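Coordinates from protein-v3.txt are shown below (compact mmCIF, C-alpha atoms).
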```txt
# COMPACT_ATOMS: atom_id res chain seq x y z
CA MET N 1 0.45 3.26 -0.26
CA ARG N 2 0.48 -0.22 1.19
CA ARG N 3 -1.23 -2.76 -0.98
CA VAL N 4 -2.90 -5.63 0.85
CA LEU N 5 -4.23 -8.70 -0.90
CA ALA N 6 -7.72 -10.03 -0.39
CA LEU N 7 -9.61 -13.23 -1.10
CA SER N 8 -12.86 -13.39 -2.99
CA PHE N 9 -14.71 -14.53 0.12
CA ILE N 10 -13.04 -11.97 2.36
CA VAL N 11 -15.07 -8.84 2.10
CA VAL N 12 -12.64 -6.05 2.94
CA VAL N 13 -9.68 -4.92 0.88
CA LEU N 14 -7.26 -2.70 2.76
CA THR N 15 -5.64 0.31 1.18
CA ALA N 16 -3.73 1.92 4.00
CA GLY N 17 -2.94 5.62 4.27
CA LEU N 18 -0.50 7.15 1.83
CA MET N 19 1.18 9.48 4.26
CA SER N 20 3.80 8.25 6.65
CA GLY N 21 2.13 8.34 10.03
CA CYS N 22 3.56 8.81 13.47
CA LYS N 23 3.98 5.63 15.45
CA ASP N 24 2.46 5.70 18.93
CA GLY N 25 1.65 9.38 18.38
CA VAL N 26 5.32 10.42 18.56
CA PRO N 27 7.02 11.73 15.39
CA GLN N 28 10.10 9.66 14.63
CA SER N 29 11.58 11.25 11.51
CA ASP N 30 12.04 14.68 9.93
CA LEU N 31 9.22 13.84 7.49
CA GLU N 32 6.85 12.85 10.29
CA MET N 33 7.63 16.03 12.22
CA PHE N 34 7.06 18.06 9.06
CA ILE N 35 3.68 16.37 8.56
CA VAL N 36 2.69 17.18 12.15
CA ARG N 37 3.67 20.84 11.72
CA THR N 38 1.85 21.32 8.42
CA ALA N 39 -1.25 19.57 9.83
CA GLU N 40 -1.83 22.76 11.84
CA PHE N 41 -3.03 24.37 8.57
CA GLU N 42 -6.26 23.55 6.76
CA GLY N 43 -7.88 24.08 3.37
CA GLN N 44 -6.44 26.80 1.17
CA ALA N 45 -3.99 27.89 3.86
CA LEU N 46 -2.47 24.41 3.82
CA GLN N 47 -2.25 24.35 0.02
CA ASP N 48 -0.65 27.81 -0.12
CA THR N 49 1.85 26.90 2.60
CA LEU N 50 2.86 23.64 0.94
CA ARG N 51 3.29 25.23 -2.48
CA GLN N 52 5.44 27.96 -0.99
CA ILE N 53 7.64 25.39 0.76
CA ALA N 54 7.75 23.23 -2.41
CA ALA N 55 9.44 26.12 -4.20
CA GLY N 56 12.09 26.39 -1.48
CA GLU N 57 15.08 24.41 -0.27
CA PRO N 58 15.60 20.69 0.48
CA PRO N 59 14.60 18.58 2.20
CA TYR N 60 11.38 20.44 2.90
CA ASN N 61 10.55 21.11 -0.74
CA GLY N 62 10.46 17.35 -1.32
CA TYR N 63 8.32 16.82 1.78
CA ALA N 64 5.86 19.46 0.61
CA ASN N 65 5.55 17.93 -2.86
CA PHE N 66 5.06 14.51 -1.27
CA ILE N 67 2.15 15.78 0.86
CA LEU N 68 0.61 17.61 -2.10
CA GLY N 69 0.83 14.37 -4.07
CA ASN N 70 -0.85 12.50 -1.24
CA GLY N 71 -3.77 14.90 -1.36
CA PHE N 72 -4.37 14.15 -5.03
CA TYR N 73 -3.83 10.40 -4.47
CA ASN N 74 -6.37 10.30 -1.64
CA SER N 75 -8.87 12.14 -3.84
CA ALA N 76 -8.18 9.69 -6.68
CA SER N 77 -8.84 6.77 -4.33
CA ASP N 78 -12.13 8.34 -3.24
CA SER N 79 -13.15 8.82 -6.88
CA ALA N 80 -12.19 5.25 -7.76
CA ARG N 81 -14.51 3.88 -5.07
CA TYR N 82 -17.47 4.94 -7.19
CA GLY N 83 -16.25 4.59 -10.77
CA GLY N 84 -13.17 2.39 -10.53
CA TRP N 85 -9.70 3.40 -11.66
CA SER N 86 -10.99 3.77 -15.24
CA ASN N 87 -13.02 6.78 -14.08
CA GLN N 88 -11.71 9.87 -15.89
CA GLY N 89 -11.73 11.90 -12.70
CA ALA N 90 -9.67 9.28 -10.87
CA GLN N 91 -7.20 9.12 -13.77
CA ALA N 92 -6.75 12.90 -13.82
CA LEU N 93 -6.12 12.93 -10.07
CA LEU N 94 -3.59 10.11 -10.44
CA ASP N 95 -1.80 12.18 -13.08
CA SER N 96 -1.58 15.13 -10.67
CA ALA N 97 -0.35 12.90 -7.84
CA GLU N 98 2.31 11.48 -10.16
CA VAL N 99 3.59 14.99 -10.95
CA TYR N 100 4.11 15.86 -7.28
CA PHE N 101 5.63 12.50 -6.31
CA SER N 102 8.01 12.75 -9.28
CA LEU N 103 9.06 16.24 -8.15
CA ALA N 104 9.72 14.91 -4.65
CA VAL N 105 11.94 12.13 -6.02
CA ALA N 106 13.76 14.56 -8.34
CA GLN N 107 14.48 16.77 -5.33
CA ASP N 108 15.76 13.85 -3.25
CA SER N 109 16.85 10.65 -4.98
CA THR N 110 16.77 8.79 -1.63
CA PHE N 111 13.18 9.76 -0.74
CA ILE N 112 11.54 6.33 -0.55
CA GLU N 113 7.92 7.22 0.24
CA PRO N 114 7.11 8.96 -3.08
CA MET N 115 8.94 6.20 -4.97
CA VAL N 116 6.63 3.61 -3.40
CA ASN N 117 3.58 5.74 -4.14
CA LEU N 118 4.65 6.12 -7.78
CA GLY N 119 4.77 2.33 -7.92
CA SER N 120 1.28 2.19 -6.44
CA ILE N 121 -0.01 4.67 -9.02
CA TRP N 122 1.14 2.37 -11.84
CA ASP N 123 -0.34 -0.59 -9.95
CA ASP N 124 -3.66 1.26 -9.91
CA ARG N 125 -3.38 2.16 -13.58
CA ALA N 126 -2.96 -1.53 -14.36
CA GLU N 127 -6.52 -1.99 -13.06
CA THR N 128 -7.95 0.29 -15.76
CA ILE N 129 -9.45 -1.09 -18.93
CA GLY N 130 -6.78 -2.04 -21.44
CA ASN N 131 -5.19 -4.91 -23.27
CA ARG N 132 -2.73 -7.41 -21.84
CA GLN N 133 0.27 -5.53 -23.21
CA GLN N 134 -0.82 -2.31 -21.46
CA TYR N 135 -1.44 -4.24 -18.25
CA ASP N 136 2.04 -5.76 -18.32
CA GLU N 137 3.67 -2.42 -19.19
CA ARG N 138 1.96 -0.69 -16.27
CA LEU N 139 2.98 -3.40 -13.83
CA ALA N 140 6.54 -3.15 -15.17
CA GLU N 141 6.49 0.57 -14.30
CA ALA N 142 5.20 -0.23 -10.82
CA LYS N 143 7.94 -2.81 -10.33
CA LYS N 144 10.55 -0.27 -11.48
CA PHE N 145 9.60 2.18 -8.73
CA TYR N 146 9.37 -0.50 -6.02
CA ASN N 147 12.85 -1.69 -6.96
CA MET N 148 14.07 1.92 -6.98
CA ALA N 149 12.91 2.24 -3.37
CA LEU N 150 14.47 -1.09 -2.42
CA ALA N 151 17.78 0.01 -3.91
CA VAL N 152 17.76 2.82 -1.32
CA ASP N 153 16.53 0.62 1.55
CA PRO N 154 16.27 -3.15 0.96
CA GLY N 155 14.29 -3.48 4.18
CA ASP N 156 11.50 -1.07 3.27
CA GLU N 157 8.30 -2.90 4.21
CA LYS N 158 5.88 -1.15 1.88
CA ALA N 159 8.05 -1.39 -1.22
CA ARG N 160 8.83 -5.07 -0.71
CA CYS N 161 5.29 -6.12 0.22
CA ASN N 162 3.83 -4.12 -2.67
CA LEU N 163 6.25 -5.91 -4.98
CA GLY N 164 5.18 -9.24 -3.50
CA SER N 165 1.53 -8.30 -4.03
CA LEU N 166 2.30 -7.44 -7.66
CA TYR N 167 3.94 -10.83 -8.21
CA LEU N 168 1.01 -12.63 -6.62
CA ARG N 169 -1.48 -10.92 -8.91
CA GLN N 170 0.65 -12.19 -11.78
CA ARG N 171 0.43 -15.71 -10.26
CA ARG N 172 4.20 -15.69 -9.66
CA THR N 173 3.61 -17.19 -6.25
CA SER N 174 7.13 -18.32 -5.42
CA GLU N 175 8.49 -14.83 -6.14
CA ALA N 176 5.69 -13.25 -4.14
CA LEU N 177 6.38 -15.46 -1.13
CA ALA N 178 10.10 -14.69 -1.39
CA GLU N 179 9.37 -10.95 -1.09
CA PHE N 180 7.12 -11.40 1.94
CA GLU N 181 9.67 -13.68 3.62
CA LYS N 182 12.47 -11.22 2.86
CA THR N 183 10.40 -8.52 4.58
CA LEU N 184 10.24 -10.72 7.68
CA GLU N 185 14.00 -11.19 7.61
CA TYR N 186 14.36 -7.43 8.04
CA ASN N 187 11.39 -7.10 10.39
CA PRO N 188 9.90 -10.28 11.93
CA GLU N 189 7.04 -8.16 13.28
CA SER N 190 5.86 -6.90 9.91
CA SER N 191 2.07 -7.17 10.14
CA LEU N 192 1.81 -6.43 6.42
CA ALA N 193 4.02 -9.38 5.45
CA HIS N 194 2.23 -11.77 7.83
CA TYR N 195 -1.13 -10.62 6.46
CA ASN N 196 -0.14 -11.25 2.85
CA ILE N 197 1.36 -14.66 3.64
CA ALA N 198 -1.94 -15.53 5.32
CA ILE N 199 -3.77 -14.62 2.12
CA MET N 200 -1.51 -16.97 0.17
CA PHE N 201 -2.26 -19.82 2.57
CA ALA N 202 -5.98 -19.10 2.50
CA GLU N 203 -6.08 -19.04 -1.30
CA ALA N 204 -4.43 -22.47 -1.22
CA LYS N 205 -7.07 -23.57 1.33
CA ILE N 206 -4.36 -24.16 3.95
CA TYR N 207 -6.51 -22.50 6.57
CA ARG N 208 -4.71 -23.34 9.81
CA GLU N 209 -1.48 -21.76 8.58
CA ALA N 210 -3.47 -18.77 7.31
CA LEU N 211 -5.03 -18.33 10.73
CA ALA N 212 -1.62 -18.49 12.40
CA GLU N 213 -0.30 -15.73 10.12
CA TRP N 214 -3.36 -13.53 10.67
CA GLU N 215 -2.97 -14.00 14.41
CA LEU N 216 0.57 -12.66 14.11
CA ALA N 217 -0.59 -9.76 11.92
CA SER N 218 -3.21 -8.91 14.54
CA LYS N 219 -0.64 -9.19 17.33
CA TYR N 220 1.81 -6.83 15.63
CA ASP N 221 -0.85 -4.31 14.55
CA PRO N 222 -3.40 -4.51 17.38
CA ASP N 223 -4.96 -1.10 16.83
CA GLY N 224 -4.44 -0.61 13.08
CA ASP N 225 -6.24 -1.43 9.85
CA ILE N 226 -4.24 -4.59 9.21
CA GLY N 227 -5.05 -5.91 12.67
CA ASP N 228 -8.74 -5.16 12.13
CA ARG N 229 -8.81 -6.90 8.74
CA SER N 230 -6.89 -9.85 10.14
CA ARG N 231 -9.43 -10.35 12.92
CA GLU N 232 -12.30 -10.09 10.43
CA ASN N 233 -10.66 -12.69 8.20
CA ILE N 234 -9.98 -14.99 11.16
CA LYS N 235 -13.69 -14.94 11.99
CA ILE N 236 -14.66 -15.63 8.37
CA VAL N 237 -12.27 -18.58 8.09
CA HIS N 238 -13.38 -19.99 11.46
CA ASP N 239 -16.99 -19.82 10.24
CA LEU N 240 -16.01 -21.62 7.03
CA MET N 241 -14.13 -24.33 8.90
CA ASN N 242 -16.94 -24.86 11.41
CA ALA N 243 -19.78 -24.86 8.90
CA PRO N 244 -21.66 -28.18 8.92
CA THR N 245 -20.86 -30.48 6.02
CA PRO N 246 -23.96 -31.01 3.86
CA PRO N 247 -25.10 -34.63 3.54
CA ILE N 248 -23.89 -36.49 0.46
CA GLY N 249 -26.32 -36.09 -2.39
CA LYS N 250 -27.86 -32.91 -1.00
```
Before anything else, please render the file you have as structure tokens.
Amino acid sequence: MRRVLALSFIVVVLTAGLMSGCKDGVPQSDLEMFIVRTAEFEGQALQDTLRQIAAGEPPYNGYANFILGNGFYNSASDSARYGGWSNQGAQALLDSAEVYFSLAVAQDSTFIEPMVNLGSIWDDRAETIGNRQQYDERLAEAKKFYNMALAVDPGDEKARCNLGSLYLRQRRTSEALAEFEKTLEYNPESSLAHYNIAIMFAEAKIYREALAEWELASKYDPDGDIGDRSRENIKIVHDLMNAPTPPIGK
């Protein structure tokens, strides 16, 4: 799951898809090709097929557990839209997703995608009702899994940007910016990193720099969710900047 920051006056918060998609419609990796093949099944047939593969040999057993975990995570996200992450149904679904992602990692210690999603699960749990100690402990678990993924691939966009987002929510702004900038060192066209840097500028009311970063995010993700959100935020900031200044004393 890619975590994208949002401002209080920006109405849309992006939570991008959990499954690794296929860029430009063409599968690029073994995981992506596996996802395309299993997408031919639906409903109970899909569940039965995935569970059968999950009991088999690597790497496909890990892939199957990853997709099963995604199903529970997507359902948890749907449940949280109505009752928040404190909703008992959402929490139970997160628990199930965690089981499958953990199995995928146990079956392949280099499998980054479930590591990142485990981090996101603990990020989400941090949003449930609890005391400050519980909040910090849950974020520490999230950070552990993001760093686990980065130990496998230091250039992984989702792990590094999610870690930056975590730091920013803790008001550790310099560390957050360092993670987003490190992402751009590996991939200057990371729309996710440009988007999050734009949020940092906008929160600091440095709007022109924020607009420049959202323009880049839109350029590098013209047809995706991040591009859409960037264009929406650009319009909102333009409206704010162009709003007439009320007369003094009014």
Between CA of Tyr195 in chain N and CA of Ile121 in chain N - distance in Å to one decimal |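 A separation of 21.8 Å between them.
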Please provide as JSON, numbers by chain all residues within 8 Å of Lys143 in chain N, with the sequence filter that same-chain residues fewer than 5 positions apart are discarded (counting all atoms listed in the file).
-> {"N": [119, 163, 166]}
Pick out the closest residue to Ile129 in chain N from this set: N:Asn87, N:Arg160, N:Ile197, N:Tyr63. Count all atoms listed in the file.
->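 Among N:Asn87, N:Arg160, N:Ile197, N:Tyr63, it is N:Asn87 that comes nearest to Ile129 in chain N.
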Compare N:Ala45, N:Leu150, N:Ile226, N:Ala176 by their minimum atom-to-atom distance to Ser190 in chain N, counting only C-alpha atoms, and give me the closest one.
-> N:Ile226
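Compared by their closest atoms to Ser102 in chain N, and using all atoms listed in the file, the residues N:Glu181, N:Ser79, N:Asn70, N:Gly130 rank with N:Asn70 nearest.
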CA of Ser120 in chain N and CA of Val237 in chain N are how many Å apart?
->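 For CA of Ser120 in chain N relative to CA of Val237 in chain N, the distance reads 28.7 Å.
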What's the 9 Å shell around Asp221 in chain N, counting all atoms listed in the file, without same-chain residues fewer than 3 positions away, as a list in words?
->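 Contacts, with the query itself left out: Glu189, Ser190, Ser191, Leu192, Leu216, Ala217, Ser218, Gly224, Asp225, Ile226, Gly227 and Asp228 of chain N.
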When distances are computed from all atoms listed in the file, which of N:Glu42, N:Asp30, N:Glu113, N:Glu175 shows the smallest separation from Asn65 in chain N?
->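 Answer, going by the shortest atom-to-atom distance: N:Glu113.
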Can you work out which one of N:Glu137, N:Asp108, N:Asp124, N:Glu32 has the shortest atom-to-atom distance to Ala149 in chain N, counting only C-alpha atoms?
->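 Of N:Glu137, N:Asp108, N:Asp124, N:Glu32, the one nearest Ala149 in chain N is N:Asp108, counting only C-alpha atoms.
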Write out as an NGL selection string each polymer residue whose atoms come within 12 Å of Ala151 in chain N, counting all atoms listed in the file; drop sequence neighbours fewer than 4 positions from it.
-> :N and (109-112 or 115-116 or 144-147 or 155-156 or 159-160)
Which is closest to Ala54 in chain N among N:Arg81, N:Ser174, N:Phe101, N:Ala92, if we use all atoms listed in the file?
->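 Nearest to Ala54 in chain N: N:Phe101.
Picture a line from CA of Phe66 in chain N to CA of Ser86 in chain N; it runs 23.8 Å.
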